[in-house]
Amino acid sequence: MDRAKAFLKKNKNWTRLAVKIIVLALVLWLLFGVLIGFRRVEGVSMSNRVEDGDLVLFSRTDKTFYPDDVVLFERDNEMHVSSVLASSGDLLTIDEAGRLYVNGVRISDSVVYNLDDGEAPSITFPFRVPTGSYFLLNENLEAMDDSRSFGAIFEQKIKGKIVSIFRTRSI
């Protein structure tokens, strides 16, 4: 009888441990699979804000993006980082110098298309951002892997908003 009690007590401890491990796994999945995520950035499209090799923490739950939010998005089965410039319904135009305007307001003095060197926009201007989409612009304007080359991106392709950056290049 003592052996049976010892066996049951031992199995009860293992059961408790298994339940704790399962609960911990569910909490970690909920935290890192549903609410937030970590991603290492590759490329210089957002230099100086986000550099090649940085580790970013992003929120998966916030699906409302505003101009200047830095987002992680998927395109051609690869993850990219860019900044939101315009959202659904916004009208983008360019002037003769290649500067970009959103709803008639110039976004900066930076030339986004070097029209003097024959660089032609890949999209047709004026460009109205479709419903449920965002126009993304890199901080490093020489890196043309943003909406200037492929147009607006659907909200479903945006995986999250970057909330923190960890510099890992010197580790």
# chains A, B, ... in the order shown; residues from 1 in each chain; ligands from 1
>>> closest_atom_pairs(of="segment 37-81 of chain A", to="segment 121-133 of chain A", cutoff="12 Å", atoms="only C-alpha atoms", output="CSV")
residue,atom,partner,partner_atom,distance
A:Lys63,CA,A:Gly132,CA,10.8
A:Thr64,CA,A:Gly132,CA,10.6
A:Phe65,CA,A:Ser133,CA,10.2
A:Tyr66,CA,A:Ser133,CA,11.8
A:Phe73,CA,A:Ser133,CA,12.0
>>> select_by_dssp(residues="chain A", states="strand (DSSP E)", output="PyMOL selection string")
chain A and resi 36-40+55-59+70-75+78-87+91-94+99-102+105-111+127-128+133-137+153-154+158-166
>>> atom_distance(atom1="atom CA of Arg99 of chain A", atom2="atom CA of Leu136 of chain A")
15.2 Å
>>> select_by_dssp(residues="segment 10-164 of chain A", states="alpha helix (DSSP H)", output="number ranges by chain")
A: 10-29, 147-150
>>> closest_residue(among="A:Val50, A:Val102, A:Ile165, A:Leu55", to="Ser83 of chain A", atoms="only C-alpha atoms")
A:Val50
>>> closest_residue(among="A:Asp109, A:Glu155, A:Glu142, A:Asp90", to="Leu72 of chain A", atoms="only C-alpha atoms")
A:Glu155
>>> closest_residue(among="A:Phe135, A:Tyr101, A:Phe58, A:Tyr113", to="Gly89 of chain A", atoms="only C-alpha atoms")
A:Phe135
>>> residues_around(residues="segment 25-39 of chain A", least_positions_apart="4", cutoff="8 Å", atoms="only C-alpha atoms", output="list in words")
Ile21, Leu55, Val56, Leu57, Phe58, Ser59, Arg60 and Thr61 of chain A
>>> residues_around(residues="Asn138 of chain A", least_positions_apart="4", cutoff="9 Å", atoms="only C-alpha atoms", output="MDAnalysis selection string")
chainID A and resid 45:47 81:84 142:147
>>> decode(residues="segment 123-163 of chain A", atoms="N, CA and C atoms", output="PDB file, in the first residue's frame")
ATOM      1  N   ILE A 123       5.429  53.942 -60.405  1.00  0.00           N
ATOM      2  CA  ILE A 123       3.976  54.041 -60.308  1.00  0.00           C
ATOM      3  C   ILE A 123       3.539  55.332 -60.985  1.00  0.00           C
ATOM      4  N   THR A 124       2.284  55.416 -61.326  1.00  0.00           N
ATOM      5  CA  THR A 124       1.759  56.584 -62.025  1.00  0.00           C
ATOM      6  C   THR A 124       1.262  57.618 -61.029  1.00  0.00           C
ATOM      7  N   PHE A 125       1.739  58.851 -61.206  1.00  0.00           N
ATOM      8  CA  PHE A 125       1.289  59.957 -60.364  1.00  0.00           C
ATOM      9  C   PHE A 125       0.358  60.839 -61.144  1.00  0.00           C
ATOM     10  N   PRO A 126      -0.640  61.450 -60.534  1.00  0.00           N
ATOM     11  CA  PRO A 126      -0.967  61.359 -59.113  1.00  0.00           C
ATOM     12  C   PRO A 126      -1.415  59.941 -58.757  1.00  0.00           C
ATOM     13  N   PHE A 127      -1.139  59.564 -57.512  1.00  0.00           N
ATOM     14  CA  PHE A 127      -1.424  58.216 -57.023  1.00  0.00           C
ATOM     15  C   PHE A 127      -2.303  58.317 -55.785  1.00  0.00           C
ATOM     16  N   ARG A 128      -3.475  57.701 -55.848  1.00  0.00           N
ATOM     17  CA  ARG A 128      -4.365  57.666 -54.688  1.00  0.00           C
ATOM     18  C   ARG A 128      -4.202  56.308 -54.006  1.00  0.00           C
ATOM     19  N   VAL A 129      -3.935  56.339 -52.690  1.00  0.00           N
ATOM     20  CA  VAL A 129      -3.725  55.112 -51.929  1.00  0.00           C
ATOM     21  C   VAL A 129      -5.062  54.368 -51.834  1.00  0.00           C
ATOM     22  N   PRO A 130      -5.094  53.107 -52.304  1.00  0.00           N
ATOM     23  CA  PRO A 130      -6.347  52.338 -52.272  1.00  0.00           C
ATOM     24  C   PRO A 130      -6.834  52.065 -50.850  1.00  0.00           C
ATOM     25  N   THR A 131      -8.111  51.797 -50.729  1.00  0.00           N
ATOM     26  CA  THR A 131      -8.709  51.462 -49.439  1.00  0.00           C
ATOM     27  C   THR A 131      -8.030  50.225 -48.847  1.00  0.00           C
ATOM     28  N   GLY A 132      -7.734  50.298 -47.558  1.00  0.00           N
ATOM     29  CA  GLY A 132      -7.106  49.175 -46.863  1.00  0.00           C
ATOM     30  C   GLY A 132      -5.621  49.039 -47.133  1.00  0.00           C
ATOM     31  N   SER A 133      -5.004  50.099 -47.658  1.00  0.00           N
ATOM     32  CA  SER A 133      -3.589  50.050 -48.022  1.00  0.00           C
ATOM     33  C   SER A 133      -2.831  51.225 -47.425  1.00  0.00           C
ATOM     34  N   TYR A 134      -1.500  51.106 -47.467  1.00  0.00           N
ATOM     35  CA  TYR A 134      -0.606  52.156 -46.975  1.00  0.00           C
ATOM     36  C   TYR A 134       0.515  52.359 -47.980  1.00  0.00           C
ATOM     37  N   PHE A 135       0.947  53.594 -48.091  1.00  0.00           N
ATOM     38  CA  PHE A 135       2.096  53.939 -48.927  1.00  0.00           C
ATOM     39  C   PHE A 135       3.285  54.055 -47.996  1.00  0.00           C
ATOM     40  N   LEU A 136       4.324  53.255 -48.244  1.00  0.00           N
ATOM     41  CA  LEU A 136       5.494  53.187 -47.371  1.00  0.00           C
ATOM     42  C   LEU A 136       6.694  53.828 -48.049  1.00  0.00           C
ATOM     43  N   LEU A 137       7.511  54.507 -47.250  1.00  0.00           N
ATOM     44  CA  LEU A 137       8.687  55.186 -47.784  1.00  0.00           C
ATOM     45  C   LEU A 137       9.877  54.909 -46.879  1.00  0.00           C
ATOM     46  N   ASN A 138      10.990  54.525 -47.490  1.00  0.00           N
ATOM     47  CA  ASN A 138      12.216  54.292 -46.729  1.00  0.00           C
ATOM     48  C   ASN A 138      12.833  55.609 -46.293  1.00  0.00           C
ATOM     49  N   GLU A 139      13.558  55.563 -45.199  1.00  0.00           N
ATOM     50  CA  GLU A 139      14.303  56.742 -44.775  1.00  0.00           C
ATOM     51  C   GLU A 139      15.524  56.932 -45.668  1.00  0.00           C
ATOM     52  N   ASN A 140      16.133  55.839 -46.063  1.00  0.00           N
ATOM     53  CA  ASN A 140      17.241  55.865 -47.005  1.00  0.00           C
ATOM     54  C   ASN A 140      16.619  55.877 -48.404  1.00  0.00           C
ATOM     55  N   LEU A 141      16.517  57.051 -49.003  1.00  0.00           N
ATOM     56  CA  LEU A 141      15.797  57.204 -50.260  1.00  0.00           C
ATOM     57  C   LEU A 141      16.472  56.502 -51.433  1.00  0.00           C
ATOM     58  N   GLU A 142      17.745  56.146 -51.292  1.00  0.00           N
ATOM     59  CA  GLU A 142      18.422  55.424 -52.366  1.00  0.00           C
ATOM     60  C   GLU A 142      17.965  53.973 -52.435  1.00  0.00           C
ATOM     61  N   ALA A 143      17.462  53.446 -51.316  1.00  0.00           N
ATOM     62  CA  ALA A 143      16.925  52.082 -51.287  1.00  0.00           C
ATOM     63  C   ALA A 143      15.493  52.135 -51.794  1.00  0.00           C
ATOM     64  N   MET A 144      15.280  51.733 -53.022  1.00  0.00           N
ATOM     65  CA  MET A 144      13.972  51.889 -53.673  1.00  0.00           C
ATOM     66  C   MET A 144      13.034  50.706 -53.419  1.00  0.00           C
ATOM     67  N   ASP A 145      13.276  49.917 -52.361  1.00  0.00           N
ATOM     68  CA  ASP A 145      12.385  48.786 -52.078  1.00  0.00           C
ATOM     69  C   ASP A 145      11.243  49.211 -51.165  1.00  0.00           C
ATOM     70  N   ASP A 146      10.519  50.223 -51.613  1.00  0.00           N
ATOM     71  CA  ASP A 146       9.370  50.726 -50.867  1.00  0.00           C
ATOM     72  C   ASP A 146       8.234  50.991 -51.853  1.00  0.00           C
ATOM     73  N   SER A 147       7.206  51.688 -51.443  1.00  0.00           N
ATOM     74  CA  SER A 147       6.029  51.897 -52.288  1.00  0.00           C
ATOM     75  C   SER A 147       6.318  52.691 -53.553  1.00  0.00           C
ATOM     76  N   ARG A 148       7.456  53.372 -53.620  1.00  0.00           N
ATOM     77  CA  ARG A 148       7.796  54.077 -54.858  1.00  0.00           C
ATOM     78  C   ARG A 148       8.006  53.097 -56.001  1.00  0.00           C
ATOM     79  N   SER A 149       8.428  51.874 -55.670  1.00  0.00           N
ATOM     80  CA  SER A 149       8.666  50.894 -56.729  1.00  0.00           C
ATOM     81  C   SER A 149       7.541  49.884 -56.887  1.00  0.00           C
ATOM     82  N   PHE A 150       6.803  49.571 -55.813  1.00  0.00           N
ATOM     83  CA  PHE A 150       5.763  48.547 -55.932  1.00  0.00           C
ATOM     84  C   PHE A 150       4.363  49.033 -55.582  1.00  0.00           C
ATOM     85  N   GLY A 151       4.204  50.311 -55.291  1.00  0.00           N
ATOM     86  CA  GLY A 151       2.880  50.844 -54.969  1.00  0.00           C
ATOM     87  C   GLY A 151       2.501  50.614 -53.523  1.00  0.00           C
ATOM     88  N   ALA A 152       1.260  50.889 -53.212  1.00  0.00           N
ATOM     89  CA  ALA A 152       0.774  50.747 -51.836  1.00  0.00           C
ATOM     90  C   ALA A 152       0.746  49.272 -51.443  1.00  0.00           C
ATOM     91  N   ILE A 153       0.836  49.036 -50.147  1.00  0.00           N
ATOM     92  CA  ILE A 153       0.815  47.667 -49.639  1.00  0.00           C
ATOM     93  C   ILE A 153      -0.427  47.473 -48.785  1.00  0.00           C
ATOM     94  N   PHE A 154      -1.066  46.326 -48.954  1.00  0.00           N
ATOM     95  CA  PHE A 154      -2.276  46.026 -48.201  1.00  0.00           C
ATOM     96  C   PHE A 154      -1.979  45.876 -46.718  1.00  0.00           C
ATOM     97  N   GLU A 155      -2.915  46.301 -45.905  1.00  0.00           N
ATOM     98  CA  GLU A 155      -2.773  46.237 -44.443  1.00  0.00           C
ATOM     99  C   GLU A 155      -2.436  44.828 -43.967  1.00  0.00           C
ATOM    100  N   GLN A 156      -2.966  43.800 -44.620  1.00  0.00           N
ATOM    101  CA  GLN A 156      -2.715  42.419 -44.204  1.00  0.00           C
ATOM    102  C   GLN A 156      -1.246  42.030 -44.335  1.00  0.00           C
ATOM    103  N   LYS A 157      -0.510  42.721 -45.186  1.00  0.00           N
ATOM    104  CA  LYS A 157       0.912  42.419 -45.373  1.00  0.00           C
ATOM    105  C   LYS A 157       1.779  43.077 -44.300  1.00  0.00           C
ATOM    106  N   ILE A 158       1.204  44.013 -43.553  1.00  0.00           N
ATOM    107  CA  ILE A 158       1.960  44.661 -42.478  1.00  0.00           C
ATOM    108  C   ILE A 158       1.860  43.785 -41.243  1.00  0.00           C
ATOM    109  N   LYS A 159       2.993  43.308 -40.768  1.00  0.00           N
ATOM    110  CA  LYS A 159       3.031  42.356 -39.663  1.00  0.00           C
ATOM    111  C   LYS A 159       3.011  43.029 -38.301  1.00  0.00           C
ATOM    112  N   GLY A 160       3.388  44.296 -38.235  1.00  0.00           N
ATOM    113  CA  GLY A 160       3.340  44.990 -36.959  1.00  0.00           C
ATOM    114  C   GLY A 160       4.066  46.319 -36.984  1.00  0.00           C
ATOM    115  N   LYS A 161       3.840  47.058 -35.903  1.00  0.00           N
ATOM    116  CA  LYS A 161       4.458  48.372 -35.728  1.00  0.00           C
ATOM    117  C   LYS A 161       5.661  48.217 -34.800  1.00  0.00           C
ATOM    118  N   ILE A 162       6.791  48.744 -35.207  1.00  0.00           N
ATOM    119  CA  ILE A 162       8.001  48.639 -34.393  1.00  0.00           C
ATOM    120  C   ILE A 162       7.864  49.572 -33.190  1.00  0.00           C
ATOM    121  N   VAL A 163       8.059  48.993 -31.998  1.00  0.00           N
ATOM    122  CA  VAL A 163       7.915  49.765 -30.771  1.00  0.00           C
ATOM    123  C   VAL A 163       9.245  49.979 -30.060  1.00  0.00           C
TER     124      VAL A 163
END
